[in-house]
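See structure below.
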Amino acid sequence: MKGFEGKVIGITRPVERSQAAVEIVTQHGGIPLVVPTLELESFASESLLDLCQRASALDWIIFTSPASLESLFTYCPDFKEKLNPQCQVAVIGPRTERVLNDYSITADIVPENYTAEGLLEEFQDIDLYKKKVGVPRTFKARNVLPEGLKKMGATVYLAEAYKSTKPKDTSKIKLLVDDIIQGKVDAVTFTSPLTVTNLFEISGDKEEELINSFKEEKVLVAAIGPITQKPLADRGIKSITPPKYTVKAMLMQLNEEMSN
């Protein structure tokens, strides 16, 4: 057998974000097991509505996920019309860019490195002094981006576009933990630090057993990038990470690893 063929691949990202991963695993003969350890809940926060009102004054708006973009346009459907015509748009990666294009908006910046650090690198040669920058996102995200923008002289308007929460029903996650410990899963994929930490927190008194199952490499682990890799490394767990931080690249790397 080669790669994913006949293998069970755990997918921990939210259901609405899992379709591409499911298709890739299936196309390569694998069995996708979708067990989200994270739920995304968009809502009309005060800061999001405030950002909507500021649209005409913005010099830049930065989207760090499709969820932030979709939430903004859900609760501020006329955002594009309100937006300053000179406002430029940056996105964290190609997936967010595709969603942006669905709203007939073109990104001015898509970094080569799909992280907050990658975005900041792109802004190194851009004058942000006294520029007004809108950043809709989850407030659980790291502060690297807004702090970096402020250091460049920007006025940053952070808006809470959605919440990243643990699933209300954790029964499937507990079953996944048991399946990992019993060796019924061949690999598990993670696409954000919260997908990692939530799994371990929900595992409860089985956490040590779960960590050991990963450490012993009975079950392979793949992380989308170094930020997601960190909470795994903190627990002494090795993970496969692709050079390009996308779901497709991560799964292709994992598929290759499982072919050896």
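Residue numbers start at 1 in each chain; chains themselves are named A, B, ... in the order of the structure tokens; ligands are numbered from 1 in the order shown.
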
**Request:** Excluding range 167-181 of chain A and residues on its chain fewer than 2 positions from it, collect all residues at most 8 Å away from it, counting only C-alpha atoms, and give them as a list in words.
**Result:** Val35, Pro36, Thr37, Leu38, Glu39, Thr165, Gly183, Lys184, Val185, Asp186, Leu199, Ile202, Ser203, Lys206, Glu209, Leu210, Ser213 and Val219 of chain A

**Request:** Compile the contact shell of Glu256 in chain A as a PyMOL selection string: residues with an atom at most 9 Å away, counting only C-alpha atoms, same-chain residues fewer than 5 positions apart removed.
**Result:** chain A and resi 2-4+251

Take the selection from the previous step and output its residues with N, CA, C and O atoms, as a PDB file, in the first residue's frame.
```pdb
ATOM      1  N   LYS A   2       0.409   2.256  -0.693  1.00  0.00           N
ATOM      2  CA  LYS A   2       1.168   3.492  -0.801  1.00  0.00           C
ATOM      3  C   LYS A   2       0.388   4.653  -0.184  1.00  0.00           C
ATOM      4  O   LYS A   2      -0.815   4.791  -0.392  1.00  0.00           O
ATOM      5  N   GLY A   3       1.114   5.501   0.545  1.00  0.00           N
ATOM      6  CA  GLY A   3       0.519   6.728   1.045  1.00  0.00           C
ATOM      7  C   GLY A   3      -0.730   6.516   1.872  1.00  0.00           C
ATOM      8  O   GLY A   3      -0.761   5.702   2.795  1.00  0.00           O
ATOM      9  N   PHE A   4      -1.782   7.242   1.494  1.00  0.00           N
ATOM     10  CA  PHE A   4      -3.042   7.218   2.254  1.00  0.00           C
ATOM     11  C   PHE A   4      -3.873   5.952   2.021  1.00  0.00           C
ATOM     12  O   PHE A   4      -4.866   5.746   2.708  1.00  0.00           O
ATOM     13  N   LEU A 251      -1.089  17.831   3.394  1.00  0.00           N
ATOM     14  CA  LEU A 251      -1.570  16.474   3.119  1.00  0.00           C
ATOM     15  C   LEU A 251      -0.679  15.750   2.116  1.00  0.00           C
ATOM     16  O   LEU A 251      -0.456  14.540   2.238  1.00  0.00           O
TER      17      LEU A 251
END
```

**Item:** Minimum-distance residue to Phe139 in chain A, chosen among A:Ser45, A:Glu208, A:Asp102, A:Val196 (using only C-alpha atoms)
**Value:** A:Ser45

List every residue of range 13-169 of chain A that DSSP, applied to the backbone, labels as alpha helix (DSSP H), and write the result as a CSV table (one decimal) with N, CA, C and O atoms, in the first residue's frame.
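This is the output file result07.csv:
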```
chain,number,residue,atom,x,y,z
A,19,GLN,N,-13.8,20.4,3.7
A,19,GLN,CA,-14.1,19.8,2.4
A,19,GLN,C,-12.9,19.5,1.5
A,19,GLN,O,-12.7,18.4,1.0
A,20,ALA,N,-12.0,20.5,1.4
A,20,ALA,CA,-10.8,20.2,0.5
A,20,ALA,C,-9.9,19.1,1.1
A,20,ALA,O,-9.5,18.3,0.3
A,21,ALA,N,-9.8,19.0,2.4
A,21,ALA,CA,-9.0,18.0,3.0
A,21,ALA,C,-9.6,16.6,2.8
A,21,ALA,O,-8.9,15.6,2.4
A,22,VAL,N,-10.9,16.5,2.9
A,22,VAL,CA,-11.6,15.3,2.7
A,22,VAL,C,-11.4,14.8,1.3
A,22,VAL,O,-11.2,13.6,1.0
A,23,GLU,N,-11.5,15.7,0.3
A,23,GLU,CA,-11.4,15.4,-1.1
A,23,GLU,C,-10.0,14.9,-1.4
A,23,GLU,O,-9.8,13.9,-2.1
A,24,ILE,N,-9.0,15.5,-0.9
A,24,ILE,CA,-7.6,15.1,-1.1
A,24,ILE,C,-7.3,13.7,-0.5
A,24,ILE,O,-6.7,12.8,-1.2
A,25,VAL,N,-7.7,13.5,0.7
A,25,VAL,CA,-7.5,12.2,1.3
A,25,VAL,C,-8.3,11.1,0.5
A,25,VAL,O,-7.7,10.0,0.3
A,26,THR,N,-9.5,11.4,0.2
A,26,THR,CA,-10.3,10.4,-0.6
A,26,THR,C,-9.7,10.1,-1.9
A,26,THR,O,-9.6,8.9,-2.4
A,27,GLN,N,-9.3,11.1,-2.6
A,27,GLN,CA,-8.6,10.9,-4.0
A,27,GLN,C,-7.4,10.0,-3.9
A,27,GLN,O,-7.1,9.4,-4.9
A,46,GLU,N,-19.3,44.5,18.8
A,46,GLU,CA,-19.3,46.0,18.8
A,46,GLU,C,-18.1,46.5,17.9
A,46,GLU,O,-18.2,47.4,17.2
A,47,SER,N,-16.9,45.8,18.1
A,47,SER,CA,-15.7,46.2,17.4
A,47,SER,C,-15.9,46.0,15.9
A,47,SER,O,-15.3,46.8,15.1
A,48,LEU,N,-16.6,44.9,15.5
A,48,LEU,CA,-16.8,44.6,14.1
A,48,LEU,C,-17.7,45.7,13.4
A,48,LEU,O,-17.4,46.2,12.3
A,49,LEU,N,-18.8,46.1,14.1
A,49,LEU,CA,-19.7,47.1,13.6
A,49,LEU,C,-19.0,48.4,13.6
A,49,LEU,O,-19.2,49.3,12.7
A,50,ASP,N,-18.1,48.7,14.5
A,50,ASP,CA,-17.3,49.9,14.6
A,50,ASP,C,-16.4,50.0,13.3
A,50,ASP,O,-16.3,51.0,12.7
A,51,LEU,N,-15.8,48.8,13.0
A,51,LEU,CA,-14.9,48.8,11.8
A,51,LEU,C,-15.7,49.1,10.6
A,51,LEU,O,-15.2,49.8,9.7
A,52,CYS,N,-16.9,48.6,10.5
A,52,CYS,CA,-17.8,48.8,9.4
A,52,CYS,C,-18.0,50.3,9.2
A,52,CYS,O,-18.0,50.8,8.1
A,53,GLN,N,-18.2,51.0,10.3
A,53,GLN,CA,-18.5,52.4,10.3
A,53,GLN,C,-17.2,53.2,9.8
A,53,GLN,O,-17.3,54.3,9.3
A,66,PRO,N,-10.5,33.1,6.0
A,66,PRO,CA,-11.8,33.3,5.3
A,66,PRO,C,-12.9,33.6,6.3
A,66,PRO,O,-13.8,34.4,6.0
A,67,ALA,N,-12.8,33.1,7.5
A,67,ALA,CA,-13.9,33.3,8.5
A,67,ALA,C,-14.0,34.8,8.9
A,67,ALA,O,-15.2,35.3,9.0
A,68,SER,N,-12.9,35.5,9.0
A,68,SER,CA,-13.0,37.0,9.3
A,68,SER,C,-13.6,37.8,8.2
A,68,SER,O,-14.4,38.7,8.4
A,69,LEU,N,-13.3,37.4,7.0
A,69,LEU,CA,-13.9,38.0,5.8
A,69,LEU,C,-15.4,37.8,5.7
A,69,LEU,O,-16.2,38.7,5.5
A,70,GLU,N,-15.8,36.5,5.8
A,70,GLU,CA,-17.2,36.1,5.7
A,70,GLU,C,-18.0,36.8,6.8
A,70,GLU,O,-19.1,37.2,6.5
A,71,SER,N,-17.5,36.9,8.0
A,71,SER,CA,-18.2,37.5,9.1
A,71,SER,C,-18.4,39.0,8.8
A,71,SER,O,-19.5,39.5,9.0
A,72,LEU,N,-17.4,39.6,8.4
A,72,LEU,CA,-17.5,41.1,8.1
A,72,LEU,C,-18.6,41.4,7.1
A,72,LEU,O,-19.4,42.3,7.3
A,73,PHE,N,-18.6,40.6,6.0
A,73,PHE,CA,-19.5,40.8,4.9
A,73,PHE,C,-21.0,40.4,5.3
A,73,PHE,O,-21.9,40.8,4.7
A,74,THR,N,-21.1,39.4,6.3
A,74,THR,CA,-22.4,39.0,6.8
A,74,THR,C,-23.0,40.1,7.6
A,74,THR,O,-24.2,40.5,7.4
A,75,TYR,N,-22.2,40.7,8.4
A,75,TYR,CA,-22.8,41.8,9.3
A,75,TYR,C,-22.6,43.2,8.8
A,75,TYR,O,-23.2,44.1,9.4
A,79,PHE,N,-20.1,46.7,3.1
A,79,PHE,CA,-18.7,47.1,3.4
A,79,PHE,C,-17.9,47.6,2.2
A,79,PHE,O,-17.2,48.6,2.2
A,80,LYS,N,-18.1,46.8,1.1
A,80,LYS,CA,-17.3,47.1,-0.1
A,80,LYS,C,-17.7,48.5,-0.6
A,80,LYS,O,-16.8,49.3,-1.1
A,81,GLU,N,-19.0,48.9,-0.6
A,81,GLU,CA,-19.5,50.2,-1.1
A,81,GLU,C,-19.0,51.3,-0.2
A,81,GLU,O,-18.7,52.4,-0.6
A,82,LYS,N,-18.9,51.0,1.1
A,82,LYS,CA,-18.5,52.0,2.1
A,82,LYS,C,-17.0,52.2,2.1
A,82,LYS,O,-16.5,53.3,2.5
A,94,PRO,N,-3.6,32.2,0.0
A,94,PRO,CA,-4.4,32.0,-1.2
A,94,PRO,C,-5.8,31.6,-0.9
A,94,PRO,O,-6.7,31.9,-1.7
A,95,ARG,N,-6.0,30.8,0.1
A,95,ARG,CA,-7.4,30.4,0.5
A,95,ARG,C,-8.3,31.6,0.8
A,95,ARG,O,-9.4,31.8,0.3
A,96,THR,N,-7.7,32.5,1.6
A,96,THR,CA,-8.4,33.8,2.0
A,96,THR,C,-8.6,34.6,0.7
A,96,THR,O,-9.6,35.3,0.6
A,97,GLU,N,-7.6,34.6,-0.1
A,97,GLU,CA,-7.7,35.4,-1.4
A,97,GLU,C,-8.8,34.9,-2.3
A,97,GLU,O,-9.5,35.7,-2.8
A,98,ARG,N,-9.0,33.6,-2.3
A,98,ARG,CA,-10.1,33.1,-3.1
A,98,ARG,C,-11.5,33.5,-2.6
A,98,ARG,O,-12.3,33.9,-3.4
A,99,VAL,N,-11.6,33.5,-1.3
A,99,VAL,CA,-12.9,34.0,-0.7
A,99,VAL,C,-13.1,35.5,-1.0
A,99,VAL,O,-14.1,35.9,-1.3
A,100,LEU,N,-12.0,36.2,-0.9
A,100,LEU,CA,-12.0,37.7,-1.2
A,100,LEU,C,-12.5,37.9,-2.6
A,100,LEU,O,-13.3,38.8,-2.9
A,101,ASN,N,-11.9,37.1,-3.6
A,101,ASN,CA,-12.3,37.2,-5.0
A,101,ASN,C,-13.8,36.9,-5.2
A,101,ASN,O,-14.4,37.5,-6.1
A,102,ASP,N,-14.4,36.1,-4.3
A,102,ASP,CA,-15.8,35.8,-4.4
A,102,ASP,C,-16.6,37.1,-4.2
A,102,ASP,O,-17.8,37.2,-4.6
A,116,ALA,N,1.5,35.6,10.1
A,116,ALA,CA,1.5,37.0,10.5
A,116,ALA,C,2.9,37.6,10.2
A,116,ALA,O,3.0,38.7,9.7
A,117,GLU,N,3.9,36.8,10.5
A,117,GLU,CA,5.3,37.2,10.2
A,117,GLU,C,5.5,37.5,8.7
A,117,GLU,O,6.2,38.5,8.4
A,118,GLY,N,4.9,36.6,7.9
A,118,GLY,CA,5.0,36.8,6.4
A,118,GLY,C,4.4,38.1,6.0
A,118,GLY,O,4.9,38.8,5.1
A,119,LEU,N,3.2,38.4,6.6
A,119,LEU,CA,2.5,39.6,6.2
A,119,LEU,C,3.3,40.8,6.6
A,119,LEU,O,3.5,41.8,5.8
A,120,LEU,N,3.9,40.8,7.8
A,120,LEU,CA,4.7,41.9,8.3
A,120,LEU,C,5.9,42.2,7.4
A,120,LEU,O,6.3,43.3,7.1
A,121,GLU,N,6.5,41.1,6.9
A,121,GLU,CA,7.6,41.2,6.0
A,121,GLU,C,7.2,42.0,4.7
A,121,GLU,O,8.0,42.8,4.3
A,122,GLU,N,6.0,41.7,4.2
A,122,GLU,CA,5.5,42.4,3.0
A,122,GLU,C,5.4,43.9,3.3
A,122,GLU,O,5.5,44.7,2.3
A,144,VAL,N,1.1,39.1,17.2
A,144,VAL,CA,2.2,39.5,16.4
A,144,VAL,C,1.9,40.5,15.3
A,144,VAL,O,2.6,41.5,15.1
A,145,LEU,N,0.8,40.3,14.6
A,145,LEU,CA,0.4,41.2,13.5
A,145,LEU,C,0.1,42.6,13.9
A,145,LEU,O,0.7,43.6,13.5
A,146,PRO,N,-0.9,42.8,14.8
A,146,PRO,CA,-1.3,44.1,15.2
A,146,PRO,C,-0.1,44.9,15.9
A,146,PRO,O,0.1,46.1,15.7
A,147,GLU,N,0.7,44.2,16.7
A,147,GLU,CA,1.8,44.8,17.4
A,147,GLU,C,2.9,45.2,16.4
A,147,GLU,O,3.4,46.3,16.5
A,148,GLY,N,3.1,44.4,15.4
A,148,GLY,CA,4.1,44.7,14.3
A,148,GLY,C,3.6,45.9,13.5
A,148,GLY,O,4.5,46.8,13.2
A,149,LEU,N,2.3,46.0,13.2
A,149,LEU,CA,1.8,47.1,12.4
A,149,LEU,C,1.9,48.4,13.2
A,149,LEU,O,2.3,49.5,12.7
A,150,LYS,N,1.7,48.3,14.5
A,150,LYS,CA,1.8,49.5,15.4
A,150,LYS,C,3.2,50.0,15.4
A,150,LYS,O,3.5,51.2,15.4
A,151,LYS,N,4.2,49.1,15.5
A,151,LYS,CA,5.6,49.5,15.5
A,151,LYS,C,6.0,50.2,14.2
A,151,LYS,O,6.9,51.0,14.2
```

**Prompt:** Neighbours of range 230-247 of chain A within 9 Å (only C-alpha atoms; same-chain residues fewer than 3 positions away dropped), as a ChimeraX atom specification?
**Reply:** /A:20-21,93-95,112-115,191,193-194,196-197,211-212,214-217,220-227,250-254,257

**Message:** Would you compute the distance between CA of Ala249 in chain A and CA of Thr12 in chain A? Give it in Å to one decimal.
**Reply:**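 Calculated distance between CA of Ala249 in chain A and CA of Thr12 in chain A is 16.3 Å.
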
**Which residue of A:Glu16, A:Asp78, A:Asp125, A:Glu5 approaches Gly30 in chain A most closely, using only C-alpha atoms** = A:Glu5
